[in-house]
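Chemist: The structure file data_27.cif (mmCIF, C-alpha atoms) is provided below.
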data_work
#
loop_
_atom_site.group_PDB
_atom_site.id
_atom_site.type_symbol
_atom_site.label_atom_id
_atom_site.label_comp_id
_atom_site.auth_asym_id
_atom_site.auth_seq_id
_atom_site.Cartn_x
_atom_site.Cartn_y
_atom_site.Cartn_z
ATOM 1 C CA MET Q 14 2.691 14.744 3.372
ATOM 2 C CA PRO Q 15 4.790 11.913 4.814
ATOM 3 C CA VAL Q 16 5.516 11.886 8.547
ATOM 4 C CA ASN Q 17 9.135 12.568 9.514
ATOM 5 C CA ALA Q 18 10.531 9.428 11.146
ATOM 6 C CA ALA Q 19 12.008 11.493 13.992
ATOM 7 C CA SER Q 20 8.468 12.363 15.146
ATOM 8 C CA HIS Q 21 6.918 8.959 14.456
ATOM 9 C CA SER Q 22 6.067 6.187 16.903
ATOM 10 C CA ILE Q 23 8.549 3.797 15.276
ATOM 11 C CA ASN Q 24 11.631 3.523 17.478
ATOM 12 C CA LEU Q 25 14.602 4.322 15.232
ATOM 13 C CA PRO Q 26 18.107 5.583 15.971
ATOM 14 C CA ASP Q 27 18.231 9.390 15.610
ATOM 15 C CA GLU Q 28 20.752 9.300 12.758
ATOM 16 C CA ILE Q 29 18.287 7.229 10.699
ATOM 17 C CA ALA Q 30 15.050 8.894 11.833
ATOM 18 C CA GLU Q 31 16.155 12.421 10.996
ATOM 19 C CA LYS Q 32 16.834 11.489 7.346
ATOM 20 C CA HIS Q 33 13.645 9.550 6.544
ATOM 21 C CA TYR Q 34 9.896 9.827 6.223
ATOM 22 C CA VAL Q 35 7.689 6.991 7.461
ATOM 23 C CA GLN Q 36 5.087 5.628 5.091
ATOM 24 C CA PHE Q 37 3.511 2.194 4.855
ATOM 25 C CA HIS Q 38 3.841 -0.140 1.912
ATOM 26 C CA VAL Q 39 1.206 -2.720 1.129
ATOM 27 C CA PHE Q 40 2.097 -5.822 -0.852
ATOM 28 C CA SER Q 41 -1.136 -7.353 -2.062
ATOM 29 C CA ARG Q 42 -0.678 -11.000 -3.130
ATOM 30 C CA LEU Q 43 -3.185 -12.876 -5.277
ATOM 31 C CA ALA Q 44 -5.098 -15.361 -3.114
ATOM 32 C CA ALA Q 45 -7.762 -16.302 -5.673
ATOM 33 C CA PRO Q 46 -7.218 -19.299 -7.925
ATOM 34 C CA SER Q 47 -7.355 -17.144 -11.075
ATOM 35 C CA ILE Q 48 -6.896 -13.639 -12.385
ATOM 36 C CA GLU Q 49 -10.496 -13.764 -13.643
ATOM 37 C CA GLU Q 50 -11.768 -13.678 -10.047
ATOM 38 C CA LEU Q 51 -9.636 -10.590 -9.422
ATOM 39 C CA ASN Q 52 -11.096 -8.951 -12.527
ATOM 40 C CA GLN Q 53 -14.627 -9.369 -11.091
ATOM 41 C CA HIS Q 54 -13.707 -6.952 -8.254
ATOM 42 C CA LEU Q 55 -11.264 -4.734 -10.135
ATOM 43 C CA ASN Q 56 -13.596 -1.770 -10.778
ATOM 44 C CA ASP Q 57 -14.489 -1.539 -7.067
ATOM 45 C CA HIS Q 58 -10.793 -1.735 -6.177
ATOM 46 C CA LEU Q 59 -9.907 1.014 -8.662
ATOM 47 C CA ARG Q 60 -12.675 3.271 -7.301
ATOM 48 C CA TYR Q 61 -11.349 2.687 -3.779
ATOM 49 C CA MET Q 62 -7.783 3.491 -4.860
ATOM 50 C CA GLY Q 63 -9.104 6.668 -6.513
ATOM 51 C CA SER Q 64 -10.802 7.734 -3.277
ATOM 52 C CA LEU Q 65 -7.546 7.223 -1.349
ATOM 53 C CA LYS Q 66 -5.627 9.235 -3.936
ATOM 54 C CA ALA Q 67 -8.203 12.039 -3.686
ATOM 55 C CA ARG Q 68 -7.712 12.086 0.117
ATOM 56 C CA GLY Q 69 -3.958 12.456 -0.398
ATOM 57 C CA VAL Q 70 -3.002 9.213 1.361
ATOM 58 C CA LEU Q 71 -2.093 7.145 -1.731
ATOM 59 C CA PRO Q 72 0.942 8.540 -3.585
ATOM 60 C CA ILE Q 73 1.702 5.414 -5.617
ATOM 61 C CA SER Q 74 0.012 2.129 -6.541
ATOM 62 C CA GLY Q 75 -0.100 -0.456 -9.279
ATOM 63 C CA PRO Q 76 -0.078 -4.091 -10.367
ATOM 64 C CA PHE Q 77 2.859 -6.373 -11.113
ATOM 65 C CA PHE Q 78 3.383 -7.842 -14.582
ATOM 66 C CA THR Q 79 5.664 -10.552 -15.907
ATOM 67 C CA GLN Q 80 8.373 -9.737 -18.420
ATOM 68 C CA GLU Q 81 5.998 -11.103 -21.079
ATOM 69 C CA GLY Q 82 3.331 -8.544 -20.109
ATOM 70 C CA LYS Q 83 1.013 -10.874 -18.166
ATOM 71 C CA ASN Q 84 -0.673 -9.541 -15.019
ATOM 72 C CA THR Q 85 0.531 -11.601 -12.035
ATOM 73 C CA GLY Q 86 -2.499 -10.676 -9.929
ATOM 74 C CA ASN Q 87 -0.252 -9.076 -7.317
ATOM 75 C CA GLY Q 88 -0.170 -5.379 -6.496
ATOM 76 C CA PHE Q 89 1.660 -2.794 -4.437
ATOM 77 C CA TYR Q 90 0.775 0.554 -2.908
ATOM 78 C CA VAL Q 91 2.116 3.094 -0.466
ATOM 79 C CA LEU Q 92 0.010 4.802 2.192
ATOM 80 C CA ARG Q 93 0.877 8.148 3.789
ATOM 81 C CA VAL Q 94 -0.863 7.828 7.132
ATOM 82 C CA ASP Q 95 0.072 8.380 10.781
ATOM 83 C CA SER Q 96 0.167 4.793 12.038
ATOM 84 C CA ILE Q 97 0.376 1.178 11.007
ATOM 85 C CA GLU Q 98 -3.057 0.671 12.573
ATOM 86 C CA GLU Q 99 -4.546 3.237 10.196
ATOM 87 C CA ALA Q 100 -2.699 1.649 7.266
ATOM 88 C CA ARG Q 101 -4.091 -1.770 8.215
ATOM 89 C CA ARG Q 102 -7.623 -0.383 8.556
ATOM 90 C CA ILE Q 103 -7.464 1.250 5.115
ATOM 91 C CA THR Q 104 -5.979 -1.906 3.606
ATOM 92 C CA ALA Q 105 -8.709 -4.094 5.127
ATOM 93 C CA GLU Q 106 -11.321 -1.962 3.341
ATOM 94 C CA ASP Q 107 -9.770 -2.581 -0.089
ATOM 95 C CA PRO Q 108 -12.467 -4.476 -2.042
ATOM 96 C CA LEU Q 109 -9.928 -7.059 -3.274
ATOM 97 C CA HIS Q 110 -8.948 -7.836 0.318
ATOM 98 C CA LYS Q 111 -12.530 -7.826 1.592
ATOM 99 C CA ALA Q 112 -13.478 -10.332 -1.117
ATOM 100 C CA GLY Q 113 -10.507 -12.552 -0.276
ATOM 101 C CA VAL Q 114 -9.088 -12.186 -3.789
ATOM 102 C CA ARG Q 115 -5.812 -10.753 -2.504
ATOM 103 C CA THR Q 116 -4.030 -11.078 0.829
ATOM 104 C CA PRO Q 117 -2.242 -7.940 2.070
ATOM 105 C CA THR Q 118 0.974 -7.456 3.994
ATOM 106 C CA VAL Q 119 1.440 -4.000 5.547
ATOM 107 C CA GLU Q 120 4.864 -2.824 6.706
ATOM 108 C CA PRO Q 121 6.485 0.499 7.632
ATOM 109 C CA TRP Q 122 8.692 1.879 4.890
ATOM 110 C CA LEU Q 123 11.326 4.551 5.350
ATOM 111 C CA GLN Q 124 11.576 6.967 2.445
ATOM 112 C CA VAL Q 125 14.845 8.856 2.255
ATOM 113 C CA MET Q 126 14.282 12.615 2.483
ATOM 114 C CA ASP Q 127 15.488 14.751 -0.402
ATOM 115 C CA SER Q 128 18.907 16.159 0.344
#
How would this structure read if it were set down as structure tokens?
Modeler:
Amino acid sequence: MPVNAASHSINLPDEIAEKHYVQFHVFSRLAAPSIEELNQHLNDHLRYMGSLKARGVLPISGPFFTQEGKNTGNGFYVLRVDSIEEARRITAEDPLHKAGVRTPTVEPWLQVMDS
């Protein structure tokens, strides 16, 4: 379950915090010279994503494609964890990041609560 922004360590104005959940988005940019290098580590990455989903900390993830249907090599996922430090630790263990195939950026993301 996402953490309510009002009880999170991120310093937000009350009128914003009380209407949002804090999660962390990870933009994972291709760092390798080719998509083929990414494909060499893809099965390990998918297993890792599956383990995060099973733990309940990965509600959404997936790759980016061009309008023509070509994989760009970039990806995105959201982590439901208690801190940016935990999000960064989990992200660092992603096999694509460990292998240097992708470079991650981790940022807090405020999800609007259902009204």
Chemist: Taking 5 positions as the minimum chain separation for residues in the same chain, which residues sit within 6 Å of region 33-45 of chain Q when counting all atoms listed in the file? Answer as a ChimeraX atom specification.
Modeler: /Q:15-18,86-93,114-126
Chemist: Go ahead and compute the interatomic distance for CA of Asp95 (chain Q) and CA of Leu71 (chain Q), in Å to one decimal.
Modeler: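 Computed distance, CA of Asp95 (chain Q) to CA of Leu71 (chain Q), equals 12.8 Å.
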Chemist: What does the PyMOL selection byres ((chain Q and resi 57) around 12) select in this file, as a VMD selection string?
Modeler: chain Q and resid 51 to 56 58 to 64 106 to 112
Chemist: What gap, in Å, lies between CA of Leu65 (chain Q) and CA of Thr79 (chain Q)?
Modeler: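 Distance between the two atoms: 26.5 Å.
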Chemist: Need the axis-aligned box for region 89-97 of chain Q with 3 Å each side, so what are the centre and edges in Å to one decimal, as JSON?
Modeler:
{"center_x": 0.6, "center_y": 2.8, "center_z": 3.8, "size_x": 9.0, "size_y": 17.2, "size_z": 22.5}
Chemist: Could you jot down the CA of Pro76 (chain Q) to CA of Gly113 (chain Q) separation for me, Å, one decimal place?
Modeler: 16.8 Å
